[in-house]
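Peer 1: data_29.txt is reproduced below (compact mmCIF, C-alpha atoms and all ligand atoms).
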# COMPACT_ATOMS: atom_id res chain seq x y z
CA MET L 1 -19.79 -0.98 16.57
CA LYS L 2 -16.26 -0.64 17.89
CA ILE L 3 -13.83 -2.90 16.06
CA LEU L 4 -10.26 -3.50 17.12
CA GLY L 5 -8.04 -3.93 14.05
CA ILE L 6 -4.67 -5.65 13.87
CA GLU L 7 -2.14 -5.14 11.07
CA SER L 8 1.13 -7.06 10.82
CA THR L 9 1.41 -8.02 7.14
CA CYS L 10 4.86 -6.56 6.49
CA ASP L 11 7.01 -4.23 8.59
CA GLU L 12 4.44 -2.17 10.49
CA THR L 13 2.83 -3.38 13.70
CA GLY L 14 -0.52 -1.65 13.98
CA VAL L 15 -3.49 -1.77 16.31
CA ALA L 16 -6.49 0.54 15.93
CA ILE L 17 -9.95 0.99 17.32
CA VAL L 18 -12.53 2.29 14.86
CA HIS L 19 -16.16 3.16 15.55
CA ASN L 20 -18.77 2.40 12.86
CA GLY L 21 -16.12 1.92 10.17
CA SER L 22 -15.56 5.66 10.01
CA HIS L 23 -14.33 7.23 13.23
CA ILE L 24 -10.81 6.49 14.46
CA GLU L 25 -10.65 6.24 18.25
CA ALA L 26 -7.03 5.10 18.29
CA ASN L 27 -4.55 4.20 15.59
CA ILE L 28 -1.08 3.15 16.72
CA VAL L 29 1.58 2.16 14.19
CA ALA L 30 5.05 0.98 15.19
CA SER L 31 7.19 1.10 12.06
CA GLN L 32 10.23 -1.14 11.68
CA ALA L 33 11.64 0.93 8.79
CA ASP L 34 14.78 1.87 10.75
CA LEU L 35 15.49 -1.79 11.55
CA HIS L 36 15.36 -2.81 7.89
CA ALA L 37 17.13 0.26 6.48
CA ALA L 38 20.51 -1.28 7.31
CA TYR L 39 19.71 -4.14 4.91
CA GLY L 40 18.20 -2.02 2.13
CA GLY L 41 14.84 -3.82 2.36
CA VAL L 42 12.56 -5.84 4.64
CA VAL L 43 14.18 -8.94 6.16
CA PRO L 44 11.21 -11.29 6.84
CA GLU L 45 12.73 -13.00 9.90
CA VAL L 46 13.66 -9.67 11.50
CA ALA L 47 10.14 -8.37 10.77
CA ALA L 48 8.43 -11.36 12.40
CA ARG L 49 10.60 -11.17 15.52
CA ASN L 50 9.93 -7.46 15.89
CA HIS L 51 6.15 -7.97 15.54
CA ILE L 52 6.33 -10.38 18.50
CA GLU L 53 7.98 -7.69 20.62
CA GLN L 54 5.67 -4.89 19.52
CA ILE L 55 2.20 -6.32 19.22
CA ILE L 56 1.12 -6.43 22.88
CA PRO L 57 2.60 -3.00 23.83
CA VAL L 58 1.02 -1.47 20.69
CA MET L 59 -2.33 -3.02 21.61
CA HIS L 60 -2.17 -1.63 25.16
CA GLN L 61 -1.28 1.78 23.73
CA ALA L 62 -4.28 1.68 21.40
CA LEU L 63 -6.73 0.67 24.14
CA THR L 64 -5.35 3.38 26.43
CA ALA L 65 -5.44 6.04 23.70
CA ALA L 66 -9.08 5.20 22.91
CA GLY L 67 -9.90 5.00 26.61
CA VAL L 68 -11.86 1.77 26.17
CA GLY L 69 -11.80 -1.60 27.90
CA TRP L 70 -12.31 -5.02 26.30
CA ASP L 71 -15.99 -5.02 27.29
CA GLU L 72 -16.56 -2.15 24.85
CA ILE L 73 -14.91 -3.91 21.87
CA ASP L 74 -17.48 -5.56 19.59
CA GLY L 75 -15.10 -7.56 17.40
CA ILE L 76 -11.53 -8.16 16.29
CA ALA L 77 -10.46 -7.70 12.67
CA VAL L 78 -7.08 -8.92 11.51
CA ALA L 79 -5.24 -8.64 8.20
CA SER L 80 -4.81 -12.32 7.34
CA HIS L 81 -3.55 -11.96 3.74
CA PRO L 82 -1.53 -11.18 1.71
CA GLY L 83 1.85 -10.50 3.31
CA LEU L 84 4.98 -12.08 4.71
CA LEU L 85 4.07 -15.38 6.31
CA GLY L 86 6.10 -14.89 9.51
CA SER L 87 4.66 -11.40 9.98
CA LEU L 88 1.08 -12.50 9.28
CA LEU L 89 1.37 -15.33 11.78
CA ILE L 90 2.02 -12.92 14.65
CA GLY L 91 -1.08 -10.82 13.91
CA THR L 92 -3.36 -13.77 13.23
CA LEU L 93 -2.22 -15.75 16.29
CA THR L 94 -2.72 -12.68 18.48
CA ALA L 95 -6.18 -12.09 17.01
CA LYS L 96 -7.23 -15.74 17.39
CA THR L 97 -6.04 -15.89 20.98
CA LEU L 98 -7.87 -12.68 21.87
CA ALA L 99 -11.04 -13.76 20.07
CA ILE L 100 -11.09 -16.94 22.18
CA THR L 101 -10.05 -15.48 25.52
CA LYS L 102 -12.10 -12.27 25.28
CA GLN L 103 -14.97 -14.05 23.50
CA LYS L 104 -15.19 -11.66 20.58
CA PRO L 105 -16.20 -12.35 16.97
CA LEU L 106 -13.23 -12.50 14.61
CA TYR L 107 -13.05 -11.03 11.09
CA SER L 108 -10.48 -12.01 8.48
CA VAL L 109 -9.48 -9.03 6.34
CA ASN L 110 -7.81 -8.77 2.93
CA HIS L 111 -5.08 -6.22 3.53
CA VAL L 112 -4.85 -4.95 -0.07
CA LEU L 113 -8.57 -4.26 -0.51
CA ALA L 114 -8.69 -2.78 3.00
CA HIS L 115 -6.42 0.07 1.83
CA VAL L 116 -9.54 1.56 0.17
CA GLN L 117 -11.26 1.79 3.59
CA ALA L 118 -8.73 4.44 4.61
CA ALA L 119 -10.65 6.90 2.38
CA PHE L 120 -13.79 6.45 4.56
CA LEU L 121 -12.06 7.32 7.84
CA ASP L 122 -12.57 10.60 9.70
CA THR L 123 -13.95 12.47 6.71
CA SER L 124 -17.07 14.57 6.24
CA LYS L 125 -17.14 13.61 2.54
CA PRO L 126 -16.74 9.85 2.19
CA PRO L 127 -16.48 8.33 -1.30
CA GLN L 128 -19.71 7.21 -3.02
CA PHE L 129 -20.47 3.87 -4.67
CA PRO L 130 -19.96 2.71 -7.34
CA LEU L 131 -16.35 3.62 -6.81
CA LEU L 132 -13.19 2.99 -8.72
CA ALA L 133 -10.08 2.29 -6.66
CA LEU L 134 -6.47 2.47 -7.68
CA ILE L 135 -4.59 0.52 -5.03
CA VAL L 136 -0.86 1.14 -5.23
CA SER L 137 1.27 -0.47 -2.55
CA GLY L 138 4.69 -2.07 -2.20
CA GLY L 139 3.45 -5.48 -3.27
CA HIS L 140 0.33 -4.77 -5.38
CA THR L 141 -1.03 -2.48 -8.06
CA LEU L 142 -4.71 -3.01 -8.76
CA LEU L 143 -7.67 -1.24 -10.34
CA VAL L 144 -10.83 -2.40 -8.59
CA HIS L 145 -14.45 -1.48 -9.24
CA PHE L 146 -16.52 -1.59 -6.04
CA SER L 147 -20.32 -1.56 -6.18
CA SER L 148 -20.46 -1.73 -2.37
CA HIS L 149 -17.99 -2.26 0.47
CA LEU L 150 -18.02 -6.02 -0.07
CA GLU L 151 -18.86 -6.38 -3.78
CA TYR L 152 -16.03 -5.75 -6.16
CA GLU L 153 -14.43 -6.70 -9.45
CA VAL L 154 -10.72 -6.47 -10.21
CA ILE L 155 -10.47 -4.73 -13.60
CA GLY L 156 -6.72 -4.27 -13.91
CA GLY L 157 -3.44 -5.15 -12.27
CA THR L 158 0.28 -5.24 -12.76
CA ARG L 159 1.79 -7.86 -15.02
CA ASP L 160 5.13 -7.70 -13.22
CA ASP L 161 6.34 -5.32 -10.50
CA ALA L 162 4.07 -3.31 -8.24
CA ALA L 163 4.41 0.49 -8.43
CA GLY L 164 5.86 0.70 -4.90
CA GLU L 165 8.30 -2.11 -5.65
CA ALA L 166 9.52 -0.17 -8.72
CA PHE L 167 9.99 2.95 -6.54
CA ASP L 168 11.92 0.91 -3.97
CA LYS L 169 14.16 -0.80 -6.56
CA VAL L 170 14.98 2.40 -8.45
CA ALA L 171 15.67 4.16 -5.14
CA LYS L 172 18.16 1.41 -4.28
CA LEU L 173 19.82 1.80 -7.70
CA LEU L 174 20.17 5.53 -6.98
CA GLY L 175 21.75 4.86 -3.57
CA LEU L 176 18.71 6.10 -1.61
CA ALA L 177 17.92 4.48 1.72
CA TYR L 178 14.98 2.17 2.43
CA PRO L 179 12.04 2.91 2.38
CA GLY L 180 12.80 3.96 -1.17
CA GLY L 181 9.51 5.54 -2.28
CA PRO L 182 9.41 8.55 0.03
CA ASN L 183 13.19 9.10 -0.26
CA LEU L 184 13.12 8.99 -4.06
CA SER L 185 10.19 11.38 -4.09
CA ARG L 186 12.06 13.82 -1.84
CA VAL L 187 15.15 13.77 -4.08
CA ALA L 188 12.96 14.12 -7.21
CA ARG L 189 11.73 17.50 -6.01
CA SER L 190 15.01 19.14 -7.06
CA GLY L 191 15.20 17.22 -10.37
CA ASN L 192 13.80 17.83 -13.85
CA PRO L 193 10.97 15.38 -14.70
CA LYS L 194 11.60 16.00 -18.41
CA ALA L 195 15.35 15.30 -18.28
CA PHE L 196 14.87 11.70 -19.46
CA ASP L 197 12.04 10.36 -21.57
CA PHE L 198 11.47 6.95 -19.97
CA PRO L 199 9.14 4.58 -21.85
CA GLN L 200 5.62 3.65 -20.84
CA ALA L 201 4.53 0.03 -21.22
CA LYS L 202 2.57 -0.68 -24.40
CA LEU L 203 -0.09 -3.17 -23.41
CA GLY L 204 -2.73 -2.02 -25.90
CA HIS L 205 -5.00 1.03 -25.81
CA GLU L 206 -7.83 -0.73 -24.02
CA SER L 207 -5.77 -2.58 -21.41
CA LEU L 208 -6.22 -1.60 -17.78
CA ASP L 209 -3.10 -3.52 -16.79
CA PHE L 210 0.21 -2.04 -15.71
CA SER L 211 3.82 -3.01 -16.27
CA PHE L 212 6.86 -1.43 -14.63
CA SER L 213 9.68 -3.85 -15.39
CA GLY L 214 10.58 -2.22 -18.76
CA LEU L 215 10.72 1.17 -17.08
CA LYS L 216 12.98 -0.22 -14.38
CA THR L 217 15.35 -1.62 -17.01
CA ALA L 218 15.30 1.69 -18.93
CA VAL L 219 16.33 3.49 -15.74
CA LEU L 220 19.16 0.99 -15.19
CA ARG L 221 20.41 1.48 -18.77
CA GLN L 222 20.35 5.28 -18.33
CA VAL L 223 22.26 5.07 -15.05
CA GLN L 224 24.85 2.74 -16.63
CA HIS L 225 25.19 5.19 -19.53
CA LEU L 226 25.63 8.21 -17.23
CA ALA L 227 28.19 6.22 -15.23
CA GLY L 228 30.16 5.71 -18.44
CA LEU L 229 29.64 1.93 -18.40
CA ASP L 230 27.80 -0.51 -20.66
CA TYR L 231 24.79 -2.76 -20.00
CA ARG L 232 26.95 -5.46 -18.39
CA ALA L 233 27.86 -3.25 -15.41
CA PRO L 234 26.23 -4.60 -12.20
CA SER L 235 23.68 -2.25 -10.65
CA HIS L 236 25.18 -1.91 -7.17
CA GLY L 237 27.45 1.05 -6.56
CA LEU L 238 26.65 2.68 -9.93
CA TYR L 239 25.20 5.72 -8.19
CA GLU L 240 28.64 6.59 -6.82
CA ARG L 241 29.61 7.58 -10.37
CA LEU L 242 26.64 9.97 -10.73
CA ARG L 243 26.41 13.63 -9.75
CA PRO L 244 23.64 14.64 -7.30
CA ASN L 245 21.81 16.58 -10.05
CA GLN L 246 21.85 13.49 -12.31
CA ILE L 247 20.38 11.40 -9.49
CA ALA L 248 17.68 14.03 -8.94
CA ASP L 249 16.86 14.15 -12.68
CA ILE L 250 16.61 10.36 -12.92
CA ALA L 251 14.40 10.27 -9.83
CA ALA L 252 12.09 13.02 -11.15
CA SER L 253 11.83 11.49 -14.64
CA PHE L 254 11.16 8.01 -13.22
CA GLU L 255 8.51 9.35 -10.82
CA GLN L 256 6.86 11.19 -13.71
CA ALA L 257 6.81 8.01 -15.83
CA VAL L 258 5.20 5.91 -13.05
CA VAL L 259 2.62 8.58 -12.28
CA SER L 260 1.73 9.03 -15.92
CA GLU L 261 1.23 5.27 -16.37
CA LEU L 262 -0.96 5.10 -13.25
CA VAL L 263 -3.05 8.14 -14.15
CA THR L 264 -3.47 7.12 -17.81
CA LYS L 265 -4.98 3.79 -16.75
CA LEU L 266 -7.05 5.38 -14.02
CA LYS L 267 -8.53 7.81 -16.56
CA LEU L 268 -9.24 4.98 -19.01
CA ALA L 269 -11.02 3.00 -16.28
CA ALA L 270 -12.97 6.08 -15.12
CA ASN L 271 -14.20 6.68 -18.70
CA LYS L 272 -15.24 3.05 -19.05
CA TYR L 273 -16.96 2.58 -15.67
CA ALA L 274 -18.21 6.13 -14.92
CA PRO L 275 -17.86 5.73 -11.11
CA ARG L 276 -19.29 8.27 -8.66
CA SER L 277 -15.97 8.45 -6.81
CA ILE L 278 -12.36 7.48 -7.31
CA VAL L 279 -10.14 6.37 -4.42
CA VAL L 280 -6.37 6.26 -4.70
CA ALA L 281 -5.00 4.20 -1.81
CA GLY L 282 -1.95 2.23 -0.64
CA GLY L 283 1.54 3.43 0.24
CA VAL L 284 2.27 5.03 -3.16
CA ALA L 285 -0.88 7.18 -2.76
CA ALA L 286 1.25 9.21 -0.33
CA ASN L 287 3.20 10.42 -3.38
CA ALA L 288 2.66 14.15 -3.96
CA VAL L 289 3.11 14.05 -7.76
CA LEU L 290 0.53 11.25 -8.06
CA ARG L 291 -1.87 13.20 -5.83
CA GLN L 292 -1.56 16.34 -7.96
CA SER L 293 -1.89 14.47 -11.22
CA ALA L 294 -4.88 12.29 -10.20
CA ALA L 295 -6.67 15.32 -8.72
CA MET L 296 -7.06 16.66 -12.29
CA LEU L 297 -9.51 13.87 -13.23
CA ARG L 298 -13.15 14.85 -13.76
CA THR L 299 -14.56 12.43 -11.16
CA ALA L 300 -14.06 13.36 -7.48
CA VAL L 301 -10.83 11.74 -6.31
CA HIS L 302 -10.44 10.77 -2.66
CA PHE L 303 -7.00 10.30 -1.17
CA PRO L 304 -6.59 9.09 2.38
CA PRO L 305 -4.12 11.35 4.22
CA PRO L 306 -0.52 10.06 3.77
CA SER L 307 -0.47 8.57 7.29
CA LEU L 308 -3.50 6.38 6.39
CA SER L 309 -2.19 5.59 2.88
CA THR L 310 0.69 3.49 4.19
CA ASP L 311 0.00 0.38 6.26
CA ASN L 312 -2.13 0.89 9.35
CA ALA L 313 -4.68 -1.01 11.42
CA ALA L 314 -7.47 1.60 11.19
CA MET L 315 -8.24 0.50 7.62
CA ILE L 316 -8.29 -3.14 8.82
CA ALA L 317 -10.77 -2.29 11.58
CA ALA L 318 -12.96 -0.37 9.09
CA ALA L 319 -12.97 -3.37 6.73
CA GLY L 320 -13.89 -5.56 9.75
CA GLU L 321 -16.94 -3.36 10.42
CA HIS L 322 -18.40 -4.25 6.99
CA LEU L 323 -17.70 -7.96 7.47
CA ALA L 324 -19.42 -7.70 10.86
CA ARG L 325 -22.48 -5.95 9.40
CA ALA L 326 -22.75 -8.74 6.80
CA GLY L 327 -22.37 -11.41 9.52
CA LEU L 328 -19.16 -12.76 7.95
CA VAL L 329 -17.57 -14.02 11.16
CA CYS L 330 -14.46 -16.20 10.88
CA PRO L 331 -14.28 -18.99 13.51
CA PRO L 332 -10.81 -18.79 15.15
CA GLU L 333 -9.91 -22.35 14.09
CA GLN L 334 -10.57 -21.39 10.46
CA LEU L 335 -8.45 -18.24 10.40
CA GLU L 336 -5.40 -18.79 8.23
CA ALA L 337 -2.41 -16.58 7.54
CA THR L 338 -2.04 -16.67 3.75
CA PRO L 339 0.92 -14.97 2.02
CA THR L 340 -0.83 -14.67 -1.36
CA LEU L 341 -3.61 -12.35 -2.46
CA ASN L 342 -6.93 -14.23 -2.73
CA LEU L 343 -9.53 -12.42 -4.77
CA LYS L 344 -12.90 -14.06 -5.15
O1 LIG L 401 0.78 0.03 1.39
P1 LIG L 401 2.16 0.05 1.90
O2 LIG L 401 2.45 0.86 3.14
O3 LIG L 401 2.68 -1.40 2.16
C1 LIG L 401 2.30 -2.48 1.37
O4 LIG L 401 1.15 -2.96 1.54
O5 LIG L 401 3.11 -2.84 0.51
O6 LIG L 401 3.08 0.55 0.70
C2 LIG L 401 4.47 0.66 0.84
C3 LIG L 401 5.01 1.17 -0.47
C4 LIG L 401 6.54 1.11 -0.53
O7 LIG L 401 6.91 0.54 -1.77
C5 LIG L 401 6.93 2.58 -0.45
O8 LIG L 401 8.15 2.87 -1.09
C6 LIG L 401 5.77 3.24 -1.14
O9 LIG L 401 4.64 2.55 -0.67
N1 LIG L 401 5.65 4.68 -0.78
C7 LIG L 401 5.83 5.68 -1.67
C8 LIG L 401 5.69 6.89 -0.95
N2 LIG L 401 5.42 6.57 0.36
C9 LIG L 401 5.39 5.21 0.44
N3 LIG L 401 6.09 5.65 -2.99
C10 LIG L 401 6.22 6.83 -3.63
N4 LIG L 401 6.12 8.03 -3.00
C11 LIG L 401 5.85 8.11 -1.68
N5 LIG L 401 5.73 9.29 -1.08
ZN ZN L 402 -0.34 -2.14 2.36
Show this structure as structure tokens.
Ligand code: KG4
Ligand code: ZN
Peer 2:
Amino acid sequence: MKILGIESTCDETGVAIVHNGSHIEANIVASQADLHAAYGGVVPEVAARNHIEQIIPVMHQALTAAGVGWDEIDGIAVASHPGLLGSLLIGTLTAKTLAITKQKPLYSVNHVLAHVQAAFLDTSKPPQFPLLALIVSGGHTLLVHFSSHLEYEVIGGTRDDAAGEAFDKVAKLLGLAYPGGPNLSRVARSGNPKAFDFPQAKLGHESLDFSFSGLKTAVLRQVQHLAGLDYRAPSHGLYERLRPNQIADIAASFEQAVVSELVTKLKLAANKYAPRSIVVAGGVAANAVLRQSAAMLRTAVHFPPPSLSTDNAAMIAAAGEHLARAGLVCPPEQLEATPTLNLK
């Protein structure tokens, strides 16, 4: 089957065409990162307006790149949740309209779980079930046990911030431009990961949950201390009082603390569930330190390439393939854009 996927949950407009859930025929992503950088984060209204401008040109580009016409498309998959409501509405309205006018079956995809599908794309060694997935994105941090593409159990999650959100907030504190994660990671390369011993959340030895808010506060306290101020000092502008090597050391020590929390829980889950494969997916999976650290686990770890780790429509199309095979069609009038994450 050839599925056309649409992604517009946050600040990337993506359209992809994927064959059999595994081969990418086209994957176009128009990122709005530059638009939002001026504000230090995603502005929902700006994101929605930009999706309106981008979605049709991006779709034409994808169809042209794949060299296919509408008659060759077997179905339309769209990320319908979770995400920013205004952004989701553009993708879902486009998908509904096309499903009706082109008379194609429509598939409603969970964006967060779809990140795992990126590990099955264009690879000669796809992951095996049962698989354990660590999904680390800007809005979510989940450990999920999959017994098949459509059968899963959430076994752990964050109790507060998502890992990517923590990267973005600490990057902002350090005066690094949006998107924070990749910029912080770049700066961390010249820092010492052992310079500061940031705490790891203590949620109990058996817990598969995560927490990053204490770490974030510990970083703020350290930055205030290095700036020669006390805990009452507001966070903005503090970085101007820090030397570049201090910023690099904070970044490296913070990155190390996040990675060690993620990998500790991943290891715990792998010991408990004994999966055949592990997948690390979502935007934070693009992080080089996380990739190195998780690669040391005994079970085979699959990382999508960085370009498929961050938001894209190829993973949405791949998820659509499995809904199609199971006959889980969504009538256009029932497709809803839902900001929250719905897990069955
Ligand atoms: O999955 P994604 O593209 O969007 C969401 O679904 O949220 O993830 C975006 C998140 C952002 O928080 C971004 O800072 C983070 O992924 N990210 C990284 C890196 N690249 C992207 N975090 C750490 N290191 C990176 N190299
Ligand atoms: Zn995502």
Peer 1: Please report as a Markdown table every residue of chain L lying within 12 Å of ligand ZN 402 (chain L), along with the nearest atom pair and their distance in Å (one decimal), using all atoms listed in the file.
Peer 2:
| residue | atom | partner | partner_atom | distance |
| --- | --- | --- | --- | --- |
| L:Glu7 | CA | L:ZN402 | ZN | 9.4 |
| L:Ser8 | CA | L:ZN402 | ZN | 9.9 |
| L:Thr9 | CA | L:ZN402 | ZN | 7.8 |
| L:Cys10 | CA | L:ZN402 | ZN | 8.0 |
| L:Asp11 | CA | L:ZN402 | ZN | 9.9 |
| L:Glu12 | CA | L:ZN402 | ZN | 9.4 |
| L:Thr13 | CA | L:ZN402 | ZN | 11.8 |
| L:Gly14 | CA | L:ZN402 | ZN | 11.6 |
| L:Ala79 | CA | L:ZN402 | ZN | 10.0 |
| L:His81 | CA | L:ZN402 | ZN | 10.4 |
| L:Pro82 | CA | L:ZN402 | ZN | 9.1 |
| L:Gly83 | CA | L:ZN402 | ZN | 8.7 |
| L:Leu84 | CA | L:ZN402 | ZN | 11.5 |
| L:Asn110 | CA | L:ZN402 | ZN | 10.0 |
| L:His111 | CA | L:ZN402 | ZN | 6.4 |
| L:Val112 | CA | L:ZN402 | ZN | 5.8 |
| L:Leu113 | CA | L:ZN402 | ZN | 9.0 |
| L:Ala114 | CA | L:ZN402 | ZN | 8.4 |
| L:His115 | CA | L:ZN402 | ZN | 6.5 |
| L:Val116 | CA | L:ZN402 | ZN | 10.2 |
| L:Gln117 | CA | L:ZN402 | ZN | 11.7 |
| L:Ala118 | CA | L:ZN402 | ZN | 10.9 |
| L:Ile135 | CA | L:ZN402 | ZN | 8.9 |
| L:Val136 | CA | L:ZN402 | ZN | 8.3 |
| L:Ser137 | CA | L:ZN402 | ZN | 5.4 |
| L:Gly138 | CA | L:ZN402 | ZN | 6.8 |
| L:Gly139 | CA | L:ZN402 | ZN | 7.6 |
| L:His140 | CA | L:ZN402 | ZN | 8.2 |
| L:Thr141 | CA | L:ZN402 | ZN | 10.4 |
| L:Leu142 | CA | L:ZN402 | ZN | 12.0 |
| L:Ala162 | CA | L:ZN402 | ZN | 11.5 |
| L:Gly164 | CA | L:ZN402 | ZN | 10.0 |
| L:Glu165 | CA | L:ZN402 | ZN | 11.8 |
| L:Ala281 | CA | L:ZN402 | ZN | 8.9 |
| L:Gly282 | CA | L:ZN402 | ZN | 5.5 |
| L:Gly283 | CA | L:ZN402 | ZN | 6.2 |
| L:Val284 | CA | L:ZN402 | ZN | 9.4 |
| L:Ala285 | CA | L:ZN402 | ZN | 10.6 |
| L:Ala286 | CA | L:ZN402 | ZN | 11.8 |
| L:Ser307 | CA | L:ZN402 | ZN | 11.8 |
| L:Leu308 | CA | L:ZN402 | ZN | 9.9 |
| L:Ser309 | CA | L:ZN402 | ZN | 8.0 |
| L:Thr310 | CA | L:ZN402 | ZN | 6.0 |
| L:Asp311 | CA | L:ZN402 | ZN | 4.7 |
| L:Asn312 | CA | L:ZN402 | ZN | 7.8 |
| L:Ala313 | CA | L:ZN402 | ZN | 10.1 |
| L:Ala314 | CA | L:ZN402 | ZN | 11.9 |
| L:Met315 | CA | L:ZN402 | ZN | 9.9 |
| L:Ile316 | CA | L:ZN402 | ZN | 10.3 |
| L:Leu341 | CA | L:ZN402 | ZN | 11.8 |
Peer 1: Around (-2.0, -6.9, -18.2) in the file's frame, which residues reach within 6 Å when counting all atoms listed in the file? Return as a ChimeraX atom specification?
Peer 2: /L:159,209-210
Peer 1: Could you tell me how far atom CA of L:Leu131 lies from atom CA of L:Tyr152, in Å and to one decimal?
Peer 2: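 Pair atom CA of L:Leu131 / atom CA of L:Tyr152 returns 9.4 Å.
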Peer 1: In Å, how far is it from atom CA of L:Val280 to atom CA of L:Tyr178?
Peer 2: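 Separating atom CA of L:Val280 from atom CA of L:Tyr178 is a distance of 22.9 Å.
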Peer 1: To one decimal in Å, tell me the separation between atom CA of L:Ser253 and atom O4 of ligand LIG 401 (chain L).
Peer 2: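 According to the coordinates, atom CA of L:Ser253 and atom O4 of ligand LIG 401 (chain L) are separated by 24.2 Å.
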Peer 1: With all atoms listed in the file as the atoms that count, which of L:Asn20, L:Asn183, L:Ser293, L:Ser213 lies nearest to ligand LIG 401 (chain L)?
Peer 2: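 Checking each of L:Asn20, L:Asn183, L:Ser293, L:Ser213 against ligand LIG 401 (chain L), counting all atoms listed in the file, the winner is L:Asn183.
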Peer 1: For L:Gln32, work out the shell of residues within 9 Å, counting only C-alpha atoms and skipping chain neighbours fewer than 2 positions away, then give it as a VMD selection string.
Peer 2: chain L and resid 11 to 13 30 34 to 37 42 47 50 to 51
Peer 1: Give the answer as one residue: which of L:Leu184, L:Ile55, L:Ala65, L:Met1 has the shortest atom-to-atom distance to L:Thr94, using all atoms listed in the file?
Peer 2: L:Ile55
Peer 1: In terms of the shortest atom-to-atom distance over all atoms listed in the file, which of L:Ser80, L:Ser147, L:Ser22, L:Ser235 is closest to L:Lys96?
Peer 2: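 Of the candidates, the smallest distance to L:Lys96 is held by L:Ser80.
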